[in-house]
file protein_20.cif (mmCIF, C-alpha atoms and all ligand atoms)
data_target
loop_
_atom_site.label_atom_id
_atom_site.label_comp_id
_atom_site.auth_asym_id
_atom_site.auth_seq_id
_atom_site.Cartn_x
_atom_site.Cartn_y
_atom_site.Cartn_z
CA MET A 93 0.00 0.00 0.00
CA ARG A 94 1.32 3.42 -0.98
CA ALA A 95 0.37 6.57 0.93
CA ILE A 96 0.83 10.15 -0.23
CA SER A 97 -0.01 13.53 1.20
CA LEU A 98 -1.94 15.89 -1.11
CA HIS A 99 -2.32 18.68 1.43
CA PRO A 100 -1.53 19.01 5.17
CA ASP A 101 -5.12 17.82 5.77
CA VAL A 102 -5.47 15.16 3.06
CA LEU A 103 -3.76 11.78 2.85
CA VAL A 104 -4.37 9.09 0.22
CA ALA A 105 -3.46 5.40 0.58
CA THR A 106 -3.71 3.15 -2.45
CA SER A 107 -4.37 -0.59 -2.27
CA GLU A 108 -2.22 -3.09 -4.18
CA VAL A 109 -5.35 -4.53 -5.77
CA TRP A 110 -7.26 -2.51 -8.40
CA GLN A 111 -5.40 0.57 -7.08
CA THR A 112 -8.41 1.12 -4.82
CA THR A 113 -7.98 4.41 -2.97
CA CYS A 114 -8.61 5.36 0.66
CA THR A 115 -8.56 9.07 1.56
CA ALA A 116 -8.22 10.61 5.01
CA VAL A 117 -9.26 14.22 5.57
CA ARG A 118 -8.89 16.18 8.81
CA SER A 119 -9.75 19.48 10.40
CA GLY A 120 -9.67 20.73 13.99
CA GLY A 121 -8.75 17.41 15.61
CA GLU A 122 -11.32 15.37 13.67
CA ALA A 123 -10.87 13.16 10.62
CA PHE A 124 -12.90 11.08 8.20
CA VAL A 125 -11.69 8.07 6.25
CA ILE A 126 -13.28 7.83 2.82
CA ASP A 127 -13.41 4.33 1.24
CA SER A 128 -10.90 1.59 2.04
CA PRO A 129 -7.97 -0.50 0.89
CA VAL A 130 -8.75 -4.18 0.25
CA TYR A 131 -6.07 -6.55 1.57
CA PRO A 132 -5.98 -7.53 5.28
CA ASP A 133 -2.41 -6.28 5.86
CA GLU A 134 -3.33 -2.91 4.34
CA LEU A 135 -6.40 -2.60 6.57
CA GLU A 136 -4.31 -3.66 9.56
CA LEU A 137 -1.72 -0.98 8.83
CA LEU A 138 -4.28 1.81 8.36
CA PRO A 139 -4.90 2.73 12.05
CA THR A 140 -1.14 3.01 12.73
CA LEU A 141 -0.57 5.01 9.57
CA LEU A 142 -3.34 7.48 10.42
CA GLN A 143 -2.29 7.70 14.05
CA GLN A 144 1.31 8.49 13.10
CA ALA A 145 0.16 11.10 10.60
CA GLN A 146 -2.21 12.54 13.25
CA PHE A 147 -5.47 11.87 11.45
CA PRO A 148 -7.62 10.54 14.33
CA PRO A 149 -10.65 9.02 12.55
CA SER A 150 -13.98 10.09 13.97
CA GLY A 151 -15.96 8.33 11.26
CA LEU A 152 -15.93 6.44 7.98
CA LEU A 153 -17.43 7.55 4.68
CA VAL A 154 -17.98 5.59 1.49
CA THR A 155 -18.38 6.97 -2.02
CA HIS A 156 -20.71 4.11 -2.98
CA GLY A 157 -21.85 0.65 -1.94
CA ASP A 158 -19.53 -1.58 -3.97
CA TRP A 159 -17.87 -4.01 -1.55
CA ASP A 160 -14.28 -3.06 -2.39
CA HIS A 161 -14.87 0.44 -0.96
CA LEU A 162 -16.75 -0.70 2.14
CA LEU A 163 -14.03 -2.36 4.20
CA GLY A 164 -13.15 0.51 6.56
CA ARG A 165 -14.85 -1.18 9.52
CA LEU A 166 -12.34 -4.02 9.32
CA ALA A 167 -9.70 -1.40 10.25
CA PHE A 168 -11.91 0.63 12.61
CA PRO A 169 -14.55 -1.77 13.99
CA GLY A 170 -16.15 0.83 16.28
CA ALA A 171 -16.51 3.61 13.74
CA ALA A 172 -19.81 4.76 12.26
CA LEU A 173 -20.19 4.47 8.50
CA GLY A 174 -21.66 7.46 6.67
CA CYS A 175 -22.88 7.33 3.09
CA ALA A 176 -25.30 8.93 0.66
CA GLU A 177 -28.99 8.17 1.21
CA THR A 178 -28.91 6.29 -2.10
CA THR A 179 -26.12 4.05 -0.80
CA ALA A 180 -27.86 3.49 2.55
CA ALA A 181 -30.99 2.44 0.64
CA ARG A 182 -28.92 0.06 -1.48
CA LEU A 183 -27.23 -1.50 1.55
CA THR A 184 -30.63 -1.99 3.19
CA ALA A 185 -32.13 -3.46 0.03
CA GLU A 186 -29.34 -6.00 -0.44
CA PRO A 187 -28.30 -7.11 3.08
CA GLY A 188 -25.20 -9.30 3.11
CA ALA A 189 -24.32 -8.60 -0.54
CA ALA A 190 -21.03 -6.87 0.31
CA GLN A 191 -20.07 -9.71 2.66
CA ARG A 192 -20.88 -12.32 0.00
CA GLU A 193 -18.82 -10.55 -2.66
CA LEU A 194 -15.93 -10.04 -0.25
CA ARG A 195 -16.03 -13.75 0.58
CA ALA A 196 -16.05 -14.68 -3.11
CA PHE A 197 -12.98 -12.48 -3.72
CA ASP A 198 -11.20 -13.92 -0.66
CA ASP A 199 -12.01 -17.51 -1.69
CA GLU A 200 -10.73 -16.94 -5.21
CA HIS A 201 -7.46 -15.39 -4.04
CA TYR A 202 -6.95 -17.49 -0.88
CA VAL A 203 -7.13 -14.37 1.29
CA GLU A 204 -7.67 -15.01 4.98
CA ARG A 205 -9.22 -12.47 7.33
CA LYS A 206 -9.39 -12.46 11.12
CA ALA A 207 -12.94 -11.16 11.35
CA PRO A 208 -16.03 -10.99 9.16
CA LEU A 209 -17.19 -7.64 7.80
CA SER A 210 -19.91 -5.91 9.76
CA LEU A 211 -21.14 -2.55 8.52
CA GLY A 212 -22.61 -1.58 11.88
CA GLN A 213 -24.85 1.43 12.09
CA VAL A 214 -25.03 3.01 8.63
CA GLN A 215 -25.75 6.74 8.66
CA ALA A 216 -27.58 8.08 5.61
CA LEU A 217 -26.35 11.56 4.71
CA PRO A 218 -28.42 14.02 2.69
CA VAL A 219 -26.77 14.47 -0.72
CA PRO A 220 -26.28 17.10 -2.06
CA GLY A 221 -25.29 18.44 1.32
CA HIS A 222 -22.54 19.37 3.73
CA LEU A 223 -20.77 17.40 6.42
CA GLU A 224 -18.91 19.03 9.26
CA VAL A 225 -15.40 17.87 10.03
CA GLY A 226 -13.77 19.78 12.89
CA GLU A 227 -13.77 23.45 11.93
CA SER A 228 -14.51 22.85 8.25
CA GLU A 229 -17.18 21.38 5.99
CA LEU A 230 -17.07 18.75 3.28
CA GLU A 231 -19.37 19.10 0.29
CA LEU A 232 -21.25 15.98 -0.79
CA HIS A 233 -22.37 15.67 -4.42
CA PRO A 234 -24.53 12.90 -5.89
CA THR A 235 -22.85 10.48 -8.32
CA GLU A 236 -25.00 7.94 -10.09
CA GLY A 237 -24.36 6.05 -13.30
CA HIS A 238 -21.56 3.63 -12.39
CA THR A 239 -24.07 2.20 -9.93
CA ALA A 240 -27.47 3.59 -8.88
CA ASP A 241 -26.00 5.08 -5.71
CA GLY A 242 -23.14 7.23 -4.54
CA MET A 243 -21.55 10.54 -3.71
CA ALA A 244 -18.41 12.51 -4.42
CA VAL A 245 -16.69 14.40 -1.62
CA TRP A 246 -15.30 17.86 -2.33
CA ILE A 247 -12.74 19.14 0.19
CA PRO A 248 -12.95 22.89 -0.46
CA TRP A 249 -9.99 24.14 1.57
CA ALA A 250 -7.64 21.59 -0.03
CA LYS A 251 -9.26 21.72 -3.49
CA VAL A 252 -9.40 17.92 -3.56
CA LEU A 253 -12.22 15.93 -5.18
CA VAL A 254 -12.75 12.34 -4.02
CA CYS A 255 -15.10 11.08 -6.69
CA GLY A 256 -15.55 7.32 -6.26
CA ASP A 257 -15.63 5.19 -9.40
CA TYR A 258 -15.53 8.03 -11.94
CA LEU A 259 -12.62 9.74 -13.69
CA SER A 260 -10.19 6.86 -13.39
CA PRO A 261 -6.86 6.94 -15.23
CA VAL A 262 -6.84 3.11 -15.27
CA GLU A 263 -10.50 2.15 -15.81
CA ILE A 264 -12.95 3.19 -18.50
CA PRO A 265 -16.45 4.24 -17.36
CA MET A 266 -18.05 1.08 -15.98
CA ILE A 267 -21.82 0.90 -16.23
CA SER A 268 -22.77 -1.78 -13.74
CA GLU A 269 -26.04 -3.68 -13.63
CA THR A 270 -27.77 -0.89 -11.71
CA GLY A 271 -26.00 1.94 -13.51
CA SER A 272 -26.96 3.89 -16.60
CA ARG A 273 -25.19 5.81 -19.33
CA ASP A 274 -27.43 8.88 -19.02
CA ALA A 275 -26.96 9.06 -15.26
CA TYR A 276 -23.22 8.56 -15.75
CA LEU A 277 -23.04 11.45 -18.22
CA ALA A 278 -25.12 13.65 -15.88
CA THR A 279 -22.67 12.89 -13.06
CA LEU A 280 -19.69 13.81 -15.23
CA ARG A 281 -21.35 17.14 -16.11
CA ARG A 282 -22.02 17.75 -12.40
CA LEU A 283 -18.40 16.98 -11.51
CA GLU A 284 -16.95 19.12 -14.30
CA PRO A 285 -16.97 22.50 -12.43
CA LEU A 286 -15.38 20.84 -9.39
CA VAL A 287 -12.69 19.22 -11.53
CA ALA A 288 -12.00 22.63 -13.09
CA GLN A 289 -11.22 24.04 -9.62
CA ALA A 290 -9.47 20.96 -8.28
CA ALA A 291 -5.79 20.84 -7.39
CA HIS A 292 -6.14 17.05 -7.17
CA VAL A 293 -8.74 14.43 -8.07
CA VAL A 294 -8.72 11.10 -6.21
CA PRO A 295 -10.40 8.42 -8.34
CA GLY A 296 -11.84 5.28 -6.74
CA HIS A 297 -9.23 3.30 -8.67
CA GLY A 298 -5.86 4.56 -9.92
CA ALA A 299 -3.32 7.24 -9.17
CA VAL A 300 -4.25 10.68 -7.93
CA MET A 301 -4.42 13.18 -10.79
CA GLU A 302 -3.88 16.90 -11.01
CA GLY A 303 -7.00 18.83 -12.02
CA ALA A 304 -5.95 19.30 -15.65
CA ARG A 305 -5.27 15.60 -16.14
CA ALA A 306 -8.63 14.68 -14.58
CA ALA A 307 -10.34 17.19 -16.89
CA ALA A 308 -8.76 15.37 -19.84
CA VAL A 309 -10.03 12.01 -18.52
CA LEU A 310 -13.48 13.57 -18.09
CA ARG A 311 -13.52 14.68 -21.74
CA GLU A 312 -12.42 11.21 -22.87
CA ASP A 313 -15.09 9.57 -20.72
CA VAL A 314 -17.86 11.82 -22.08
CA ALA A 315 -16.73 11.08 -25.64
CA TYR A 316 -16.59 7.35 -24.91
CA LEU A 317 -20.04 7.20 -23.33
CA GLU A 318 -21.68 9.34 -26.01
CA ALA A 319 -20.22 7.12 -28.74
CA LEU A 320 -21.43 3.83 -27.19
CA PRO A 321 -22.02 1.20 -28.51
CA ASP A 322 -19.55 2.10 -31.29
CA ALA A 323 -17.04 3.84 -29.04
CA THR A 324 -13.29 3.29 -29.29
CA LEU A 325 -11.45 2.96 -26.00
CA PRO A 326 -9.23 5.80 -24.75
CA LEU A 327 -5.61 5.15 -25.75
CA ALA A 328 -4.28 4.61 -22.22
CA ARG A 329 -7.20 2.37 -21.18
CA ARG A 330 -7.61 -0.35 -23.78
CA GLY A 331 -5.98 -3.42 -22.21
CA PRO A 332 -7.82 -6.77 -21.98
CA ALA A 333 -9.52 -5.92 -18.67
CA GLN A 334 -10.92 -2.67 -20.08
CA GLN A 335 -12.06 -4.43 -23.26
CA GLY A 336 -14.03 -6.75 -21.01
CA VAL A 337 -15.64 -3.76 -19.26
CA HIS A 338 -16.38 -2.28 -22.69
CA ARG A 339 -18.21 -5.45 -23.81
CA GLU A 340 -20.35 -5.31 -20.66
CA ASN A 341 -21.09 -1.62 -21.27
CA ILE A 342 -22.28 -2.39 -24.82
CA GLY A 343 -24.74 -4.88 -23.37
CA ARG A 344 -26.15 -2.16 -21.10
CA VAL A 345 -26.89 0.63 -23.60
ZN ZN B 1 -14.74 0.25 -7.18
#

call {"tool": "encode", "arguments": {"input": "protein_20.cif", "output": "structure tokens", "more": "lines below"}}
Ligand SMILES: [Zn+2]
result
Amino acid sequence: MRAISLHPDVLVATSEVWQTTCTAVRSGGEAFVIDSPVYPDELELLPTLLQQAQFPPSGLLVTHGDWDHLLGRLAFPGAALGCAETTAARLTAEPGAAQRELRAFDDEHYVERKAPLSLGQVQALPVPGHLEVGESELELHPTEGHTADGMAVWIPWAKVLVCGDYLSPVEIPMISETGSRDAYLATLRRLEPLVAQAAHVVPGHGAVMEGARAAAVLREDVAYLEALPDATLPLARRGPAQQGVHRENIGRV
């Protein structure tokens, strides 16, 4: 797991699998951890890493309900999990789904964990909306299209956008079973003014990008989605895994 500092108040750790990102943000002695790494040793290291960097987590946030972003409670079993109302509704509607998918991943890769995943008390946050952290406020923006649920977190004083599974330098837009192309395009248009102001954009998967680079990915993603089903893949994202995602996307438009 790699960890980098984007701002005195923003730290990003990246998992070895799928380059899944986990972002910590702090203000006035409080901190939130947004999304999670995946492997047990990474989750085990997270509390020490945040303690040493002086990011004392007061709560967990998730950008959306896909299981690979939901593992924060394995690192902080007592912490409350906050998410968009759409994500809370999804987690309620499909109880145990995240645990089943986590187990399937672990079985396939022979990963052993000390404890099962429990999401605890899930707090539904109004999105769009604001969330207080210490002396500052996070902005929450709705993001649907990849899945039917989700939110992006804008950290105004650091000019950092944590957007979940959008704007990835390694993954093309992925329209999952509950997602939709139109909703995905609407989300990209909603994120565009934030990306234009952003010093950094933290995608759900892949390396942190400067604002200008993320704006270029956004333009590529809009062009790709608008051209579906006949779209060509962006030059830097056309390996076999992305071609597989592309075939699934074609089936969904
Ligand atoms: Zn994901």

call {"tool": "residues_near_ligand", "arguments": {"input": "protein_20.cif", "ligand": "ligand ZN 1 (chain B)", "cutoff": "7 Å", "atoms": "only C-alpha atoms and all ligand atoms", "output": "PyMOL selection string"}}
result
chain A and resi 112+158+160-161+257+296-297

call {"tool": "write_last_selection", "arguments": {"input": "protein_20.cif", "atoms": "C-alpha atoms", "output": "CSV table (one decimal), in the coordinates of the input"}}
result
chain,number,residue,atom,x,y,z
A,112,THR,CA,-8.4,1.1,-4.8
A,158,ASP,CA,-19.5,-1.6,-4.0
A,160,ASP,CA,-14.3,-3.1,-2.4
A,161,HIS,CA,-14.9,0.4,-1.0
A,257,ASP,CA,-15.6,5.2,-9.4
A,296,GLY,CA,-11.8,5.3,-6.7
A,297,HIS,CA,-9.2,3.3,-8.7

call {"tool": "closest_residue", "arguments": {"input": "protein_20.cif", "among": "A:Ala308, A:Leu317, A:Leu253, A:Val293", "to": "Gly237 (chain A)", "atoms": "all atoms listed in the file"}}
result
A:Leu317

call {"tool": "closest_atom_pairs", "arguments": {"input": "protein_20.cif", "of": "region 146-219 of chain A", "to": "region 94-105 of chain A", "cutoff": "12 Å", "atoms": "all atoms listed in the file", "output": "tab-separated table"}}
result
residue	atom	partner	partner_atom	distance
A:Gln146	CA	A:Asp101	CA	9.6
A:Phe147	CA	A:Asp101	CA	8.2
A:Pro148	CA	A:Asp101	CA	11.5

call {"tool": "closest_residue", "arguments": {"input": "protein_20.cif", "among": "A:Ser268, A:Thr324, A:Thr106, A:Thr279", "to": "Arg344 (chain A)", "atoms": "all atoms listed in the file"}}
result
A:Ser268

call {"tool": "closest_residue", "arguments": {"input": "protein_20.cif", "among": "A:Val314, A:Ala291, A:Ala250, A:Leu286", "to": "Arg118 (chain A)", "atoms": "all atoms listed in the file"}}
result
A:Ala250

call {"tool": "residues_around", "arguments": {"input": "protein_20.cif", "residues": "Pro234 (chain A)", "least_positions_apart": "2", "cutoff": "12 Å", "atoms": "all atoms listed in the file", "output": "JSON, numbers by chain"}}
result
{"A": [155, 156, 175, 176, 177, 178, 179, 217, 218, 219, 220, 221, 222, 231, 232, 236, 237, 238, 239, 240, 241, 242, 243, 244, 245, 246, 254, 255, 256, 258, 275, 276, 278, 279, 280, 281, 282, 283]}

call {"tool": "write_last_selection", "arguments": {"input": "protein_20.cif", "atoms": "C-alpha atoms", "output": "PDB file, keeping the file's coordinate frame"}}
result
ATOM      1  CA  THR A 155     -18.380   6.970  -2.020  1.00  0.00           C
ATOM      2  CA  HIS A 156     -20.710   4.110  -2.980  1.00  0.00           C
ATOM      3  CA  CYS A 175     -22.880   7.330   3.090  1.00  0.00           C
ATOM      4  CA  ALA A 176     -25.300   8.930   0.660  1.00  0.00           C
ATOM      5  CA  GLU A 177     -28.990   8.170   1.210  1.00  0.00           C
ATOM      6  CA  THR A 178     -28.910   6.290  -2.100  1.00  0.00           C
ATOM      7  CA  THR A 179     -26.120   4.050  -0.800  1.00  0.00           C
ATOM      8  CA  LEU A 217     -26.350  11.560   4.710  1.00  0.00           C
ATOM      9  CA  PRO A 218     -28.420  14.020   2.690  1.00  0.00           C
ATOM     10  CA  VAL A 219     -26.770  14.470  -0.720  1.00  0.00           C
ATOM     11  CA  PRO A 220     -26.280  17.100  -2.060  1.00  0.00           C
ATOM     12  CA  GLY A 221     -25.290  18.440   1.320  1.00  0.00           C
ATOM     13  CA  HIS A 222     -22.540  19.370   3.730  1.00  0.00           C
ATOM     14  CA  GLU A 231     -19.370  19.100   0.290  1.00  0.00           C
ATOM     15  CA  LEU A 232     -21.250  15.980  -0.790  1.00  0.00           C
ATOM     16  CA  GLU A 236     -25.000   7.940 -10.090  1.00  0.00           C
ATOM     17  CA  GLY A 237     -24.360   6.050 -13.300  1.00  0.00           C
ATOM     18  CA  HIS A 238     -21.560   3.630 -12.390  1.00  0.00           C
ATOM     19  CA  THR A 239     -24.070   2.200  -9.930  1.00  0.00           C
ATOM     20  CA  ALA A 240     -27.470   3.590  -8.880  1.00  0.00           C
ATOM     21  CA  ASP A 241     -26.000   5.080  -5.710  1.00  0.00           C
ATOM     22  CA  GLY A 242     -23.140   7.230  -4.540  1.00  0.00           C
ATOM     23  CA  MET A 243     -21.550  10.540  -3.710  1.00  0.00           C
ATOM     24  CA  ALA A 244     -18.410  12.510  -4.420  1.00  0.00           C
ATOM     25  CA  VAL A 245     -16.690  14.400  -1.620  1.00  0.00           C
ATOM     26  CA  TRP A 246     -15.300  17.860  -2.330  1.00  0.00           C
ATOM     27  CA  VAL A 254     -12.750  12.340  -4.020  1.00  0.00           C
ATOM     28  CA  CYS A 255     -15.100  11.080  -6.690  1.00  0.00           C
ATOM     29  CA  GLY A 256     -15.550   7.320  -6.260  1.00  0.00           C
ATOM     30  CA  TYR A 258     -15.530   8.030 -11.940  1.00  0.00           C
ATOM     31  CA  ALA A 275     -26.960   9.060 -15.260  1.00  0.00           C
ATOM     32  CA  TYR A 276     -23.220   8.560 -15.750  1.00  0.00           C
ATOM     33  CA  ALA A 278     -25.120  13.650 -15.880  1.00  0.00           C
ATOM     34  CA  THR A 279     -22.670  12.890 -13.060  1.00  0.00           C
ATOM     35  CA  LEU A 280     -19.690  13.810 -15.230  1.00  0.00           C
ATOM     36  CA  ARG A 281     -21.350  17.140 -16.110  1.00  0.00           C
ATOM     37  CA  ARG A 282     -22.020  17.750 -12.400  1.00  0.00           C
ATOM     38  CA  LEU A 283     -18.400  16.980 -11.510  1.00  0.00           C
TER      39      LEU A 283
END

call {"tool": "atom_distance", "arguments": {"input": "protein_20.cif", "atom1": "CA of Arg311 (chain A)", "atom2": "CA of Gln111 (chain A)"}}
result
21.9 Å

call {"tool": "atom_distance", "arguments": {"input": "protein_20.cif", "atom1": "CA of Trp249 (chain A)", "atom2": "CA of Glu224 (chain A)"}}
result
12.8 Å

call {"tool": "closest_residue", "arguments": {"input": "protein_20.cif", "among": "A:Gly303, A:Glu193, A:Pro187, A:Ile264", "to": "Gln335 (chain A)", "atoms": "only C-alpha atoms"}}
result
A:Ile264

call {"tool": "atom_distance", "arguments": {"input": "protein_20.cif", "atom1": "CA of Gly151 (chain A)", "atom2": "CA of Lys206 (chain A)"}}
result
21.8 Å

call {"tool": "build_atoms", "arguments": {"input": "protein_20.cif", "residues": "region 175-199 of chain A", "atoms": "N, CA and C atoms", "output": "PDB file, keeping the file's coordinate frame"}}
result
ATOM      1  N   CYS A 175     -22.804   7.449   4.547  1.00  0.00           N
ATOM      2  CA  CYS A 175     -22.880   7.330   3.090  1.00  0.00           C
ATOM      3  C   CYS A 175     -24.066   8.104   2.572  1.00  0.00           C
ATOM      4  N   ALA A 176     -24.145   8.258   1.266  1.00  0.00           N
ATOM      5  CA  ALA A 176     -25.300   8.930   0.660  1.00  0.00           C
ATOM      6  C   ALA A 176     -26.570   8.144   0.976  1.00  0.00           C
ATOM      7  N   GLU A 177     -27.706   8.858   0.990  1.00  0.00           N
ATOM      8  CA  GLU A 177     -28.990   8.170   1.210  1.00  0.00           C
ATOM      9  C   GLU A 177     -29.200   7.053   0.177  1.00  0.00           C
ATOM     10  N   THR A 178     -28.745   7.309  -1.052  1.00  0.00           N
ATOM     11  CA  THR A 178     -28.910   6.290  -2.100  1.00  0.00           C
ATOM     12  C   THR A 178     -28.125   5.027  -1.760  1.00  0.00           C
ATOM     13  N   THR A 179     -26.944   5.210  -1.174  1.00  0.00           N
ATOM     14  CA  THR A 179     -26.120   4.050  -0.800  1.00  0.00           C
ATOM     15  C   THR A 179     -26.728   3.338   0.404  1.00  0.00           C
ATOM     16  N   ALA A 180     -27.220   4.103   1.377  1.00  0.00           N
ATOM     17  CA  ALA A 180     -27.860   3.490   2.550  1.00  0.00           C
ATOM     18  C   ALA A 180     -29.054   2.644   2.098  1.00  0.00           C
ATOM     19  N   ALA A 181     -29.830   3.185   1.148  1.00  0.00           N
ATOM     20  CA  ALA A 181     -30.990   2.440   0.640  1.00  0.00           C
ATOM     21  C   ALA A 181     -30.528   1.156  -0.040  1.00  0.00           C
ATOM     22  N   ARG A 182     -29.450   1.247  -0.802  1.00  0.00           N
ATOM     23  CA  ARG A 182     -28.920   0.060  -1.480  1.00  0.00           C
ATOM     24  C   ARG A 182     -28.449  -0.990  -0.473  1.00  0.00           C
ATOM     25  N   LEU A 183     -27.738  -0.553   0.560  1.00  0.00           N
ATOM     26  CA  LEU A 183     -27.230  -1.500   1.550  1.00  0.00           C
ATOM     27  C   LEU A 183     -28.369  -2.179   2.298  1.00  0.00           C
ATOM     28  N   THR A 184     -29.451  -1.418   2.531  1.00  0.00           N
ATOM     29  CA  THR A 184     -30.630  -1.990   3.190  1.00  0.00           C
ATOM     30  C   THR A 184     -31.341  -2.974   2.271  1.00  0.00           C
ATOM     31  N   ALA A 185     -31.388  -2.627   0.989  1.00  0.00           N
ATOM     32  CA  ALA A 185     -32.130  -3.460   0.030  1.00  0.00           C
ATOM     33  C   ALA A 185     -31.413  -4.768  -0.284  1.00  0.00           C
ATOM     34  N   GLU A 186     -30.077  -4.775  -0.139  1.00  0.00           N
ATOM     35  CA  GLU A 186     -29.340  -6.000  -0.440  1.00  0.00           C
ATOM     36  C   GLU A 186     -28.462  -6.411   0.753  1.00  0.00           C
ATOM     37  N   PRO A 187     -29.086  -6.778   1.880  1.00  0.00           N
ATOM     38  CA  PRO A 187     -28.300  -7.110   3.080  1.00  0.00           C
ATOM     39  C   PRO A 187     -27.382  -8.300   2.805  1.00  0.00           C
ATOM     40  N   GLY A 188     -26.136  -8.191   3.259  1.00  0.00           N
ATOM     41  CA  GLY A 188     -25.200  -9.300   3.110  1.00  0.00           C
ATOM     42  C   GLY A 188     -24.518  -9.376   1.753  1.00  0.00           C
ATOM     43  N   ALA A 189     -24.909  -8.516   0.805  1.00  0.00           N
ATOM     44  CA  ALA A 189     -24.320  -8.600  -0.540  1.00  0.00           C
ATOM     45  C   ALA A 189     -22.817  -8.300  -0.494  1.00  0.00           C
ATOM     46  N   ALA A 190     -22.443  -7.237   0.231  1.00  0.00           N
ATOM     47  CA  ALA A 190     -21.030  -6.870   0.310  1.00  0.00           C
ATOM     48  C   ALA A 190     -20.223  -8.009   0.936  1.00  0.00           C
ATOM     49  N   GLN A 191     -20.771  -8.604   1.986  1.00  0.00           N
ATOM     50  CA  GLN A 191     -20.070  -9.710   2.660  1.00  0.00           C
ATOM     51  C   GLN A 191     -19.913 -10.898   1.713  1.00  0.00           C
ATOM     52  N   ARG A 192     -20.963 -11.188   0.938  1.00  0.00           N
ATOM     53  CA  ARG A 192     -20.880 -12.320   0.000  1.00  0.00           C
ATOM     54  C   ARG A 192     -19.817 -12.072  -1.072  1.00  0.00           C
ATOM     55  N   GLU A 193     -19.789 -10.850  -1.598  1.00  0.00           N
ATOM     56  CA  GLU A 193     -18.820 -10.550  -2.660  1.00  0.00           C
ATOM     57  C   GLU A 193     -17.393 -10.521  -2.109  1.00  0.00           C
ATOM     58  N   LEU A 194     -17.244 -10.015  -0.899  1.00  0.00           N
ATOM     59  CA  LEU A 194     -15.930 -10.040  -0.250  1.00  0.00           C
ATOM     60  C   LEU A 194     -15.465 -11.477  -0.069  1.00  0.00           C
ATOM     61  N   ARG A 195     -16.382 -12.345   0.365  1.00  0.00           N
ATOM     62  CA  ARG A 195     -16.030 -13.750   0.580  1.00  0.00           C
ATOM     63  C   ARG A 195     -15.646 -14.421  -0.742  1.00  0.00           C
ATOM     64  N   ALA A 196     -16.355 -14.092  -1.799  1.00  0.00           N
ATOM     65  CA  ALA A 196     -16.050 -14.680  -3.110  1.00  0.00           C
ATOM     66  C   ALA A 196     -14.650 -14.258  -3.558  1.00  0.00           C
ATOM     67  N   PHE A 197     -14.315 -12.981  -3.367  1.00  0.00           N
ATOM     68  CA  PHE A 197     -12.980 -12.480  -3.720  1.00  0.00           C
ATOM     69  C   PHE A 197     -11.919 -13.207  -2.882  1.00  0.00           C
ATOM     70  N   ASP A 198     -12.163 -13.283  -1.568  1.00  0.00           N
ATOM     71  CA  ASP A 198     -11.200 -13.920  -0.660  1.00  0.00           C
ATOM     72  C   ASP A 198     -11.006 -15.397  -1.009  1.00  0.00           C
ATOM     73  N   ASP A 199     -12.104 -16.089  -1.321  1.00  0.00           N
ATOM     74  CA  ASP A 199     -12.010 -17.510  -1.690  1.00  0.00           C
ATOM     75  C   ASP A 199     -11.172 -17.668  -2.946  1.00  0.00           C
TER      76      ASP A 199
END
